[in-house]
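Asks: Dropping in structure.cif, which is mmCIF, C-alpha atoms and all ligand atoms:
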data_model
#
loop_
_atom_site.label_atom_id
_atom_site.label_comp_id
_atom_site.auth_asym_id
_atom_site.auth_seq_id
_atom_site.Cartn_x
_atom_site.Cartn_y
_atom_site.Cartn_z
CA MET A 1 29.23 62.59 16.24
CA SER A 2 27.93 61.14 19.43
CA SER A 3 26.52 57.91 20.76
CA VAL A 4 23.40 57.87 22.91
CA VAL A 5 22.66 55.11 25.40
CA LEU A 6 19.40 54.88 27.31
CA ASP A 7 19.57 52.38 30.14
CA LYS A 8 16.20 51.40 31.65
CA VAL A 9 14.97 54.97 31.37
CA THR A 10 11.60 55.67 32.99
CA LYS A 11 9.55 58.84 32.98
CA VAL A 12 6.72 59.48 35.37
CA TYR A 13 5.06 62.86 34.94
CA PRO A 14 3.68 64.76 37.90
CA GLY A 15 0.35 63.21 38.80
CA SER A 16 1.98 59.75 38.56
CA TYR A 17 1.60 59.42 34.83
CA LEU A 18 3.95 56.74 33.51
CA ALA A 19 5.01 57.88 30.03
CA VAL A 20 8.18 55.84 29.39
CA ASP A 21 8.75 52.47 31.00
CA ARG A 22 12.28 51.11 31.59
CA LEU A 23 13.40 51.73 28.05
CA SER A 24 16.88 50.66 26.92
CA LEU A 25 18.18 51.69 23.53
CA LYS A 26 21.41 52.74 21.84
CA ALA A 27 22.00 55.13 18.95
CA GLU A 28 25.42 54.55 17.45
CA ASN A 29 27.80 57.26 16.29
CA GLY A 30 26.45 58.81 13.09
CA GLU A 31 23.32 56.68 13.08
CA PHE A 32 19.88 57.90 11.93
CA LEU A 33 17.56 56.34 14.50
CA VAL A 34 13.81 56.81 14.14
CA LEU A 35 11.46 56.54 17.13
CA LEU A 36 8.13 55.36 15.76
CA GLY A 37 4.82 54.68 17.44
CA PRO A 38 1.23 55.85 17.80
CA SER A 39 0.46 59.24 19.26
CA GLY A 40 0.95 59.35 23.03
CA CYS A 41 3.35 56.38 23.19
CA GLY A 42 6.13 58.46 24.77
CA LYS A 43 8.33 59.36 21.76
CA SER A 44 8.57 63.09 22.44
CA THR A 45 9.07 62.48 26.13
CA LEU A 46 12.06 60.30 25.32
CA LEU A 47 13.50 62.89 22.95
CA ARG A 48 13.05 65.66 25.51
CA MET A 49 14.81 63.61 28.16
CA ILE A 50 17.77 63.19 25.79
CA ALA A 51 17.77 66.95 25.16
CA GLY A 52 17.66 67.66 28.90
CA LEU A 53 14.28 69.41 28.66
CA GLU A 54 12.60 66.76 30.79
CA GLU A 55 13.96 65.13 33.92
CA ILE A 56 14.62 61.38 33.90
CA THR A 57 12.68 59.72 36.72
CA GLU A 58 14.71 56.51 36.81
CA GLY A 59 17.48 54.93 34.72
CA ASP A 60 20.52 56.43 33.03
CA LEU A 61 21.29 58.45 29.93
CA TRP A 62 24.81 58.29 28.51
CA LEU A 63 25.99 60.74 25.85
CA ASP A 64 29.32 59.80 24.28
CA GLY A 65 30.12 57.57 27.24
CA GLN A 66 29.37 60.32 29.77
CA LEU A 67 26.54 59.98 32.29
CA ALA A 68 24.25 62.83 31.25
CA ASN A 69 21.16 62.58 33.48
CA HIS A 70 21.92 65.90 35.13
CA LEU A 71 23.88 67.62 32.39
CA ALA A 72 22.42 71.06 31.54
CA PRO A 73 20.83 71.16 28.06
CA ARG A 74 23.40 73.70 26.81
CA ASP A 75 26.24 71.35 27.80
CA ARG A 76 24.87 68.44 25.74
CA ASP A 77 25.77 69.90 22.31
CA VAL A 78 22.37 68.89 20.99
CA ALA A 79 20.25 70.69 18.39
CA MET A 80 16.52 70.13 18.27
CA VAL A 81 13.96 70.71 15.50
CA PHE A 82 10.29 70.74 16.46
CA GLN A 83 7.07 70.18 14.55
CA ASN A 84 6.50 73.89 14.00
CA GLY A 85 10.08 75.07 14.01
CA ALA A 86 9.66 78.22 16.11
CA LEU A 87 11.69 81.03 14.50
CA TYR A 88 12.53 84.51 15.72
CA PRO A 89 9.85 86.55 13.92
CA HIS A 90 11.82 89.81 13.84
CA ARG A 91 14.98 88.31 12.45
CA THR A 92 15.46 87.59 8.77
CA VAL A 93 16.04 84.06 7.54
CA ARG A 94 19.74 84.84 7.52
CA GLY A 95 19.51 86.19 11.09
CA ASN A 96 17.65 83.08 12.25
CA ILE A 97 20.12 80.62 10.77
CA ALA A 98 23.12 82.65 11.94
CA PHE A 99 21.81 83.04 15.49
CA PRO A 100 23.55 80.04 17.13
CA LEU A 101 26.87 81.09 15.58
CA GLU A 102 26.43 84.70 16.70
CA ILE A 103 25.78 83.50 20.27
CA ALA A 104 28.99 81.47 20.02
CA LYS A 105 30.73 84.68 18.84
CA SER A 106 31.98 83.13 15.62
CA ASP A 107 33.86 85.18 13.02
CA PRO A 108 31.22 87.23 11.08
CA ALA A 109 32.78 86.49 7.68
CA GLN A 110 32.70 82.77 8.38
CA VAL A 111 29.12 83.03 9.65
CA ARG A 112 28.08 84.70 6.42
CA GLU A 113 29.77 82.06 4.33
CA ARG A 114 28.35 79.17 6.33
CA VAL A 115 24.80 80.57 6.26
CA THR A 116 24.96 81.14 2.51
CA GLU A 117 26.30 77.64 1.89
CA LEU A 118 23.67 76.02 4.10
CA SER A 119 20.80 78.04 2.65
CA LYS A 120 21.78 76.78 -0.81
CA ALA A 121 21.76 73.18 0.39
CA LEU A 122 18.31 73.78 1.88
CA HIS A 123 17.02 75.63 -1.23
CA ILE A 124 16.18 78.79 0.70
CA ASP A 125 19.03 80.98 -0.54
CA ASP A 126 16.53 83.29 -2.28
CA THR A 127 14.70 83.98 1.00
CA LEU A 128 17.69 85.02 3.13
CA GLU A 129 16.59 88.63 3.63
CA ARG A 130 12.92 87.80 4.33
CA ARG A 131 11.18 87.47 7.68
CA PRO A 132 9.64 84.13 8.76
CA GLY A 133 6.10 85.58 8.53
CA THR A 134 6.43 85.80 4.74
CA LEU A 135 7.53 82.16 4.25
CA SER A 136 5.57 79.00 3.50
CA GLY A 137 5.42 76.20 6.10
CA GLY A 138 7.99 74.18 4.17
CA GLN A 139 10.37 77.12 3.94
CA ARG A 140 10.03 77.81 7.67
CA GLN A 141 10.92 74.19 8.47
CA ARG A 142 13.96 74.48 6.22
CA VAL A 143 15.07 77.58 8.14
CA ALA A 144 14.54 75.75 11.45
CA MET A 145 16.58 72.87 10.10
CA GLY A 146 19.31 75.27 8.98
CA ARG A 147 19.45 76.88 12.40
CA ALA A 148 19.80 73.45 14.03
CA ILE A 149 22.47 72.28 11.63
CA VAL A 150 24.53 75.45 11.34
CA ARG A 151 26.81 74.91 14.32
CA GLN A 152 27.27 71.19 13.63
CA PRO A 153 26.13 69.78 16.96
CA LYS A 154 27.04 66.29 18.10
CA LEU A 155 23.44 65.19 18.07
CA PHE A 156 20.27 66.16 16.17
CA LEU A 157 16.92 65.57 17.79
CA MET A 158 13.94 66.01 15.47
CA ASP A 159 10.38 65.87 16.72
CA GLU A 160 7.93 65.29 13.85
CA PRO A 161 9.57 68.05 11.77
CA LEU A 162 7.47 67.26 8.68
CA SER A 163 4.06 66.56 10.12
CA ASN A 164 2.67 70.09 9.56
CA LEU A 165 3.54 70.09 5.86
CA ASP A 166 1.43 69.00 2.92
CA ALA A 167 2.17 65.61 1.34
CA GLY A 168 4.28 66.86 -1.57
CA MET A 169 6.42 69.11 0.60
CA ARG A 170 6.83 66.30 3.14
CA THR A 171 8.26 63.95 0.54
CA GLU A 172 10.59 66.59 -0.85
CA LEU A 173 11.91 67.72 2.53
CA ARG A 174 12.19 64.12 3.70
CA MET A 175 14.68 63.36 0.96
CA GLU A 176 16.59 66.55 1.65
CA ILE A 177 16.82 65.92 5.39
CA SER A 178 18.10 62.46 4.69
CA ALA A 179 20.81 63.68 2.28
CA LEU A 180 21.85 66.61 4.45
CA VAL A 181 22.01 64.75 7.74
CA ARG A 182 23.91 61.88 6.20
CA SER A 183 26.41 64.20 4.57
CA LEU A 184 27.10 65.73 8.00
CA ASN A 185 27.37 62.29 9.63
CA VAL A 186 25.77 63.58 12.84
CA THR A 187 23.90 61.12 15.06
CA THR A 188 20.19 61.84 14.60
CA ILE A 189 17.17 60.74 16.60
CA TYR A 190 13.98 61.44 14.71
CA VAL A 191 10.46 61.10 16.11
CA THR A 192 7.51 60.29 13.89
CA HIS A 193 4.20 58.42 13.91
CA ASP A 194 4.42 57.99 10.12
CA GLN A 195 5.60 54.55 9.06
CA VAL A 196 6.61 55.70 5.57
CA GLU A 197 8.86 58.39 7.03
CA ALA A 198 10.37 55.82 9.37
CA LEU A 199 10.98 53.24 6.65
CA THR A 200 12.46 55.70 4.19
CA LEU A 201 14.68 57.69 6.57
CA ALA A 202 15.95 55.33 9.22
CA ASP A 203 19.14 53.35 9.57
CA ARG A 204 17.25 51.66 12.39
CA ILE A 205 13.73 52.05 13.74
CA ALA A 206 12.71 51.72 17.39
CA ILE A 207 8.97 51.10 17.81
CA LEU A 208 7.22 52.13 21.02
CA ASN A 209 3.76 51.45 22.35
CA ARG A 210 2.41 52.65 25.70
CA GLY A 211 5.86 53.79 26.76
CA VAL A 212 7.37 50.35 26.15
CA LEU A 213 9.95 49.55 23.47
CA GLN A 214 8.49 46.89 21.15
CA ASP A 215 11.23 46.27 18.63
CA VAL A 216 14.45 47.75 17.22
CA GLY A 217 16.00 46.95 13.87
CA THR A 218 16.69 48.09 10.34
CA PRO A 219 13.58 48.96 8.31
CA ALA A 220 13.86 45.63 6.45
CA GLN A 221 14.25 43.65 9.69
CA ILE A 222 11.28 45.34 11.31
CA TYR A 223 9.08 44.97 8.24
CA ASN A 224 9.96 41.40 7.27
CA ASP A 225 10.77 39.96 10.66
CA PRO A 226 8.79 41.91 13.31
CA ALA A 227 9.09 40.97 16.98
CA THR A 228 5.39 41.30 17.77
CA ALA A 229 1.99 41.34 16.07
CA PHE A 230 1.67 44.98 17.11
CA VAL A 231 4.86 45.86 15.18
CA ALA A 232 3.74 43.82 12.15
CA ALA A 233 0.39 45.61 12.11
CA PHE A 234 1.84 49.07 12.73
CA LEU A 235 4.31 48.75 9.84
CA ASN A 236 1.74 47.80 7.28
CA SER A 237 0.26 50.20 4.79
CA GLN A 238 -2.73 47.89 4.31
CA GLN A 239 -4.39 46.07 7.13
CA LEU A 240 -2.47 43.03 8.33
CA ASN A 241 -4.34 39.74 7.97
CA LEU A 242 -4.17 38.22 11.43
CA LEU A 243 -5.79 34.80 11.69
CA ALA A 244 -6.18 32.34 14.53
CA ALA A 245 -5.01 28.77 13.90
CA THR A 246 -4.65 25.63 15.97
CA VAL A 247 -1.26 23.91 15.81
CA ARG A 248 -1.27 20.18 15.04
CA THR A 249 1.52 17.70 14.41
CA PRO A 250 -0.29 14.66 12.89
CA GLN A 251 1.74 11.51 13.53
CA ASN A 252 4.68 13.82 13.98
CA GLN A 253 5.03 13.99 10.20
CA TYR A 254 4.85 17.76 9.82
CA VAL A 255 3.50 20.86 11.52
CA MET A 256 0.01 21.87 10.55
CA LEU A 257 -1.68 25.24 11.04
CA ASP A 258 -5.38 24.43 11.16
CA PHE A 259 -7.58 27.42 10.31
CA GLY A 260 -10.82 25.42 10.28
CA PRO A 261 -11.81 25.30 6.60
CA HIS A 262 -8.17 25.67 5.49
CA ARG A 263 -4.91 24.12 6.54
CA LEU A 264 -1.28 24.91 5.89
CA THR A 265 1.51 22.44 6.47
CA LEU A 266 5.13 23.18 7.27
CA PRO A 267 7.74 20.43 6.83
CA TRP A 268 10.11 19.74 9.72
CA SER A 269 12.83 21.24 7.55
CA ASP A 270 11.17 24.66 7.92
CA PRO A 271 13.31 26.61 10.42
CA ARG A 272 10.17 27.70 12.29
CA ALA A 273 8.61 24.25 12.57
CA TYR A 274 10.14 23.22 15.90
CA ALA A 275 9.24 26.48 17.70
CA ILE A 276 5.66 26.28 16.38
CA SER A 277 5.32 22.60 17.32
CA GLN A 278 5.86 23.58 20.95
CA HIS A 279 2.30 24.95 20.76
CA THR A 280 0.73 21.71 19.51
CA GLY A 281 -2.93 21.60 20.52
CA GLY A 282 -2.93 25.32 21.30
CA GLN A 283 -3.84 28.44 19.33
CA VAL A 284 -1.43 30.73 17.57
CA LEU A 285 -1.91 33.89 15.56
CA VAL A 286 -0.76 33.89 11.96
CA GLY A 287 0.12 37.19 10.29
CA LEU A 288 -0.06 37.49 6.51
CA ARG A 289 0.59 40.72 4.70
CA PRO A 290 -1.76 41.40 1.77
CA ASP A 291 1.26 41.45 -0.55
CA GLY A 292 2.28 37.94 0.58
CA LEU A 293 -0.91 36.62 -1.06
CA ALA A 294 -1.61 36.27 -4.77
CA PRO A 295 -4.58 35.22 -6.91
CA VAL A 296 -4.09 31.82 -8.58
CA PRO A 297 -6.22 29.58 -10.84
CA GLU A 298 -8.45 26.97 -9.21
CA SER A 299 -6.10 24.22 -10.37
CA TYR A 300 -3.26 25.59 -8.20
CA GLU A 301 -2.06 22.95 -5.74
CA GLY A 302 0.39 24.85 -3.55
CA PRO A 303 -0.39 26.37 -0.15
CA SER A 304 -3.58 28.38 -0.59
CA PHE A 305 -6.93 29.54 0.77
CA PHE A 306 -10.12 29.65 -1.20
CA GLY A 307 -13.28 31.67 -0.80
CA ARG A 308 -15.50 34.24 -2.47
CA VAL A 309 -14.69 37.83 -3.35
CA ARG A 310 -16.79 40.07 -1.12
CA ALA A 311 -15.48 43.41 -2.38
CA LEU A 312 -12.78 45.02 -4.45
CA GLU A 313 -11.22 48.34 -3.60
CA TYR A 314 -9.38 50.65 -5.97
CA HIS A 315 -6.43 52.46 -4.37
CA GLY A 316 -5.05 54.19 -7.46
CA HIS A 317 -1.76 52.32 -7.70
CA GLU A 318 -3.30 48.96 -6.80
CA TRP A 319 -6.47 46.97 -6.16
CA LEU A 320 -7.28 45.19 -2.93
CA ALA A 321 -9.64 42.24 -2.73
CA TYR A 322 -11.58 41.20 0.37
CA ILE A 323 -12.02 37.44 0.25
CA GLU A 324 -14.58 35.81 2.48
CA CYS A 325 -13.03 32.47 3.28
CA GLY A 326 -14.48 31.51 6.63
CA VAL A 327 -11.24 32.01 8.50
CA PRO A 328 -11.63 33.85 11.76
CA ALA A 329 -9.66 37.10 11.74
CA VAL A 330 -8.59 38.50 15.09
CA PRO A 331 -7.76 42.04 16.19
CA VAL A 332 -4.14 42.85 16.93
CA PRO A 333 -3.40 42.13 20.58
CA GLU A 334 -1.88 45.01 22.49
CA PRO A 335 1.44 44.22 24.13
CA PRO A 336 1.26 43.06 27.75
CA ASP A 337 0.45 45.94 30.03
CA ARG A 338 3.53 46.27 32.19
CA ARG A 339 2.31 49.42 33.82
CA ALA A 340 0.49 47.49 36.53
CA GLN A 341 3.76 45.73 37.40
CA VAL A 342 5.57 49.06 37.52
CA ASN A 343 2.83 50.27 39.77
CA GLY A 344 3.39 47.37 42.16
CA ARG A 345 7.17 47.79 42.03
CA LYS A 346 6.92 51.49 42.77
CA ASP A 347 4.40 50.98 45.54
CA ARG A 348 6.75 48.65 47.35
CA SER A 349 9.79 50.88 46.99
CA ALA A 350 7.79 54.13 47.20
CA GLY A 351 10.55 55.39 44.90
CA LEU A 352 8.24 57.53 42.81
CA GLY A 353 6.27 58.87 45.73
CA GLY A 354 2.77 57.98 44.65
CA LEU A 355 0.59 55.73 42.62
CA VAL A 356 1.66 55.23 39.05
CA ARG A 357 -1.38 55.67 36.91
CA ARG A 358 -2.30 52.21 35.71
CA MET A 359 -3.47 52.96 32.23
CA PHE A 360 -2.20 55.41 29.64
CA SER A 361 -5.40 55.43 27.75
CA GLN A 362 -8.59 57.38 28.16
CA PRO A 363 -11.47 55.40 29.73
CA GLU A 364 -13.17 54.81 26.38
CA GLU A 365 -9.91 53.59 24.80
CA ARG A 366 -9.35 51.40 27.80
CA GLU A 367 -12.74 49.75 27.34
CA GLU A 368 -11.97 49.09 23.70
CA GLN A 369 -8.58 47.57 24.55
CA GLU A 370 -10.12 45.34 27.17
CA GLN A 371 -12.66 44.15 24.62
CA VAL A 372 -9.87 43.46 22.16
CA GLY A 373 -8.15 41.35 24.79
CA GLN A 374 -11.36 39.43 25.42
CA ASN A 375 -11.85 38.94 21.71
CA VAL A 376 -8.48 37.30 21.35
CA GLY A 377 -9.11 35.00 24.27
CA SER A 378 -12.69 34.08 23.49
CA GLY A 379 -12.33 33.77 19.73
CA ILE A 380 -14.85 36.50 18.89
CA HIS A 381 -13.80 38.06 15.63
CA ARG A 382 -14.61 41.23 13.82
CA ARG A 383 -14.45 40.00 10.23
CA SER A 384 -13.76 36.86 8.29
CA ASP A 385 -12.17 38.34 5.19
CA ILE A 386 -8.60 38.15 4.14
CA ILE A 387 -7.22 41.10 2.24
CA VAL A 388 -5.26 40.35 -0.91
CA ARG A 389 -3.18 42.81 -2.92
CA LEU A 390 -3.91 42.46 -6.62
CA GLY A 391 -1.60 45.04 -8.18
CA GLY A 392 -2.85 47.14 -11.08
CA ARG A 393 -5.45 44.70 -12.47
CA PRO A 394 -8.63 43.58 -10.68
CA VAL A 395 -8.49 39.93 -11.76
CA TRP A 396 -11.75 39.17 -9.96
CA ARG A 397 -15.24 40.65 -9.69
CA ALA A 398 -17.30 40.78 -6.52
CA GLY A 399 -18.98 37.40 -5.99
CA ASP A 400 -16.35 35.41 -7.92
CA PRO A 401 -14.89 32.28 -6.37
CA ALA A 402 -11.26 33.00 -5.50
CA LYS A 403 -8.15 30.98 -4.79
CA VAL A 404 -5.28 32.72 -3.07
CA ALA A 405 -1.70 31.41 -2.97
CA ILE A 406 0.15 31.91 0.28
CA ASP A 407 3.85 32.64 0.39
CA GLN A 408 4.60 30.46 3.41
CA ALA A 409 8.07 31.94 3.87
CA ARG A 410 6.31 35.18 4.78
CA LEU A 411 3.96 33.76 7.41
CA MET A 412 4.51 35.42 10.77
CA ILE A 413 3.55 33.27 13.71
CA PHE A 414 2.70 34.82 17.10
CA THR A 415 1.49 33.62 20.48
CA PRO A 416 -2.09 34.65 21.34
CA ASP A 417 -0.73 37.70 23.17
CA GLY A 418 1.20 38.80 20.10
CA ALA A 419 4.82 37.77 20.75
CA ARG A 420 6.73 36.08 17.92
CA ILE A 421 7.03 32.31 18.32
CA ASP A 422 10.17 31.91 16.22
CA PRO A 423 12.56 34.60 17.43
CA PRO A 424 13.19 37.47 15.01
CA ARG A 425 16.74 37.68 13.60
CA ARG A 426 18.60 40.84 14.52
P1 LIG B 1 4.16 61.02 21.70
O1 LIG B 1 5.30 61.94 21.43
O2 LIG B 1 4.49 59.59 21.42
O3 LIG B 1 2.88 61.44 21.06
P2 LIG B 1 4.41 62.05 24.41
O4 LIG B 1 5.78 61.71 24.80
O5 LIG B 1 4.15 63.47 23.99
O6 LIG B 1 3.89 61.03 23.29
O7 LIG B 1 3.42 61.72 25.61
C1 LIG B 1 3.38 60.46 26.26
C2 LIG B 1 2.31 60.49 27.30
O8 LIG B 1 2.69 61.37 28.35
C3 LIG B 1 0.99 61.03 26.74
O9 LIG B 1 -0.05 60.29 27.30
C4 LIG B 1 0.97 62.46 27.21
O10 LIG B 1 -0.35 62.91 27.40
C5 LIG B 1 1.72 62.41 28.52
N1 LIG B 1 2.42 63.67 28.78
C6 LIG B 1 3.26 64.31 27.94
N2 LIG B 1 3.74 65.44 28.52
C7 LIG B 1 3.19 65.51 29.76
C8 LIG B 1 3.30 66.42 30.86
N3 LIG B 1 4.08 67.49 30.79
N4 LIG B 1 2.58 66.13 31.97
C9 LIG B 1 1.81 65.03 32.07
N5 LIG B 1 1.67 64.13 31.07
C10 LIG B 1 2.35 64.36 29.93
#
Let me see the file written as structure tokens.
Replies:
Amino acid sequence: MSSVVLDKVTKVYPGSYLAVDRLSLKAENGEFLVLLGPSGCGKSTLLRMIAGLEEITEGDLWLDGQLANHLAPRDRDVAMVFQNGALYPHRTVRGNIAFPLEIAKSDPAQVRERVTELSKALHIDDTLERRPGTLSGGQRQRVAMGRAIVRQPKLFLMDEPLSNLDAGMRTELRMEISALVRSLNVTTIYVTHDQVEALTLADRIAILNRGVLQDVGTPAQIYNDPATAFVAAFLNSQQLNLLAATVRTPQNQYVMLDFGPHRLTLPWSDPRAYAISQHTGGQVLVGLRPDGLAPVPESYEGPSFFGRVRALEYHGHEWLAYIECGVPAVPVPEPPDRRAQVNGRKDRSAGLGGLVRRMFSQPEEREEQEQVGQNVGSGIHRRSDIIVRLGGRPVWRAGDPAKVAIDQARLMIFTPDGARIDPPRR
């Protein structure tokens, strides 16, 4: 077991490419911590810095209370599993799994016993005498996992170990990794861009975007109580409904979210009311997950929107309805771009010896992000539908009038740049 502390860790690649920006995070002893975020957000870079495969540009890494920035990888007692678990092609499965123990000159009888035991747990005991070339992708990943686990390191680092497998195999191996790693009680840091993997595996999830930590918490905290609109949207299997509203406090009687054709009121007793009222007269963004909305009869008098069904979509296990209700929907704002500030900071101190590249993204992505930013500010919106989850029965047909009840407890309220107005509970 081992604890991992990252203290304002920054990584600038040669060519002044800022990949991780002053990131602070702790993995507790025995914890399964998942690093989640879109491709290119710096997850692998972070993992490689912990492994000692990548130098830390600034900040500190502590392993088990020991400053580890300059510790050689072999002295970190870390085992890593990669996306395509590279195996020794000329060794058998047994030889691959046993390799770390052989290097450590362990007793051959014990090695044999340990490899047999582990191969059973990984369901590859019938492949022990085969070479990697004759195995399926799933079996190869199991062997890679076995090789990482066999000498019981203090820390497992896993970099998208399931992403090359087909869906069925991914689910199966996901459950097995979870059971195996937990039974060993070894601290594990697991990188993925797949929200389902993160939600199902993690004790806690850390979400990154553009090299910046967005939020850390248990899967339930992150899903139900996200720190930013980006996090809410990223952890959403259907598209998040994100709507702009003006905050009003008529005669100070209650707090009103004014969406134009629709209004929602929150009593002062609502724990979020005071924080929201600080934005009276201004715009906020309101996040509503499709499963926080439900179809109701026209006579329903609780908090609701009404409109017309534009389309229904069948997703196998559920139906989604797109309701045109005249409420402007806004794109998810990207988190503030701190890279420019880092650039300025570095320029003054010249600590990184060169210009930090200002943007992570490719030029075309950059243009799109800038447009998104303008959209939020100028109120230009891409669609005016809200998405409602209907479950297994399509209660409406396209063109029907529709009334949608809103579970107000599940409203998520953000500033126009996407930060939560009422602080998330952690
Ligand atoms: P993720 O694992 O989240 O997909 P990475 O950590 O691999 O992201 O990469 C973060 C950013 O750093 C990406 O934009 C990537 O192109 C860049 N990057 C990664 N490795 C290098 C490298 N060796 N040299 C320069 N840039 C790199």
Asks: Give the residues close to ligand LIG 1 (chain B), within 9 Å, counting only C-alpha atoms and all ligand atoms; write them as an NGL selection string.
Replies: :A and (11-20 or 35-48 or 54 or 159-160 or 191-193 or 208-211 or 360-361)
Asks: List as number ranges by chain the protein and nucleic acid residues near region 214-230 of chain A, meaning an atom at most 8 Å away when all atoms listed in the file are counted, but skip any in the same chain fewer than 3 places from it.
Replies: A: 198-200, 202-209, 233-236, 287, 332-335, 410, 412, 414, 418-420, 423-426
Asks: Tell me which protein, DNA and RNA residues are within 8 Å of region 288-290 of chain A, counting all atoms listed in the file, leaving out same-chain ones fewer than 4 positions away, and put them as a compact mmCIF listing (two decimals) with C-alpha atoms, in the frame of the given file.
Replies:
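The new file out.txt reads:
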# COMPACT_ATOMS: atom_id res chain seq x y z
CA ASN A 236 1.74 47.80 7.28
CA GLN A 238 -2.73 47.89 4.31
CA GLN A 239 -4.39 46.07 7.13
CA LEU A 240 -2.47 43.03 8.33
CA ASN A 241 -4.34 39.74 7.97
CA LEU A 242 -4.17 38.22 11.43
CA ILE A 386 -8.60 38.15 4.14
CA ILE A 387 -7.22 41.10 2.24
CA VAL A 388 -5.26 40.35 -0.91
CA ARG A 389 -3.18 42.81 -2.92
CA ARG A 410 6.31 35.18 4.78
CA LEU A 411 3.96 33.76 7.41
CA MET A 412 4.51 35.42 10.77
Asks: Pick out the closest residue to Thr116 (chain A) from this set: A:Gly30, A:Asp75, A:His70, A:Arg94. Count only C-alpha atoms.
Replies: A:Arg94
Asks: At what distance in Å, to one decimal, does CA of Pro250 (chain A) lie from CA of Tyr274 (chain A)?
Replies: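 Computed distance, CA of Tyr274 (chain A) to CA of Pro250 (chain A), equals 13.8 Å.
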Asks: When you count only C-alpha atoms, which of these residues is closest to Gly85 (chain A): A:Ala402, A:Ala148, A:Ala98, A:Val286?
Replies: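 Using only C-alpha atoms, Gly85 (chain A) sits closest to A:Ala148.
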Asks: Measure the distance from CA of Ala311 (chain A) to CA of Trp396 (chain A) in Å and round it to one decimal.
Replies: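 Going from CA of Ala311 (chain A) over to CA of Trp396 (chain A), I get 9.5 Å.
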Asks: Neighbours of Pro73 (chain A) within 7 Å (all atoms listed in the file; same-chain residues fewer than 4 positions away dropped), as a short mmCIF file (atom, residue, chain, number, x, y, z; two decimals) with C-alpha atoms, in the frame of the given file?
Replies:
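Final file, part15.cif:
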data_model
loop_
_atom_site.label_atom_id
_atom_site.label_comp_id
_atom_site.auth_asym_id
_atom_site.auth_seq_id
_atom_site.Cartn_x
_atom_site.Cartn_y
_atom_site.Cartn_z
CA ALA A 51 17.77 66.95 25.16
CA GLY A 52 17.66 67.66 28.90
CA LEU A 53 14.28 69.41 28.66
#
Asks: Select, counting only C-alpha atoms, all protein, DNA and RNA residues no farther than 12 Å from (7.8, 28.2, 17.7) in file coordinates, and express the selection as a ChimeraX atom specification.
Replies: /A:247,255,257,266,268,270-280,282-286,412-415,419-424
Asks: At a cut-off of 7 Å, using only C-alpha atoms, what residues contact region 121-131 of chain A? Leave out same-chain residues fewer than 5 positions from it and give the result as an NGL selection string.
Replies: :A and (89-94 or 116 or 139 or 142)
Asks: Write the residues you've just listed into a file as a short mmCIF file (atom, residue, chain, number, x, y, z; two decimals), in the coordinates of the input, and include C-alpha atoms for each of them.
Replies:
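Generated output (result.cif):
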data_model
loop_
_atom_site.label_atom_id
_atom_site.label_comp_id
_atom_site.auth_asym_id
_atom_site.auth_seq_id
_atom_site.Cartn_x
_atom_site.Cartn_y
_atom_site.Cartn_z
CA PRO A 89 9.85 86.55 13.92
CA HIS A 90 11.82 89.81 13.84
CA ARG A 91 14.98 88.31 12.45
CA THR A 92 15.46 87.59 8.77
CA VAL A 93 16.04 84.06 7.54
CA ARG A 94 19.74 84.84 7.52
CA THR A 116 24.96 81.14 2.51
CA GLN A 139 10.37 77.12 3.94
CA ARG A 142 13.96 74.48 6.22
#
Asks: Restricting the calculation to all atoms listed in the file: of A:Ile189, A:Ala232, A:Met80, A:Leu162, which residue gets closest to Val5 (chain A)?
Replies: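 The shortest atom-to-atom distance to Val5 (chain A) comes from A:Ile189.
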Asks: How many Å lie between CA of Gly146 (chain A) and CA of Val186 (chain A), rounded to one decimal?
Replies: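 According to the coordinates, CA of Gly146 (chain A) and CA of Val186 (chain A) are separated by 13.9 Å.
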Asks: My list of candidates is A:Ile406, A:Leu61, A:Met49, A:Leu33. Which is closest to Glu197 (chain A) when distances are computed with only C-alpha atoms?
Replies: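 Result for the nearest residue to Glu197 (chain A): A:Leu33.
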Asks: With distances taken over only C-alpha atoms, which residue among A:Gly168, A:Pro331, A:Pro261, A:Pro267 lies nearest Pro416 (chain A)?
Replies: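 Checking each candidate against Pro416 (chain A), we get A:Pro331 as the closest.
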Asks: Can you tell me which residues surround Ser2 (chain A) at a distance of at most 6 Å, considering all atoms listed in the file, apart from same-chain residues fewer than 5 positions away, and format the answer as an MDAnalysis selection string?
Replies: chainID A and resid 29 64 154 187
Asks: Find, counting all atoms listed in the file, the residue in A:Thr57, A:Ser106, A:Ser304, A:Thr10 that gets nearest to Gln408 (chain A).
Replies: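 Comparing A:Thr57, A:Ser106, A:Ser304, A:Thr10 against Gln408 (chain A), the winner is A:Ser304.
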Asks: Taking the point (-20.2, 38.9, -8.8) as given in the file, collect each protein or nucleic acid residue that comes within 12 Å of it, counting only C-alpha atoms, and present the set as a PyMOL selection string.
Replies: chain A and resi 308-312+396-402
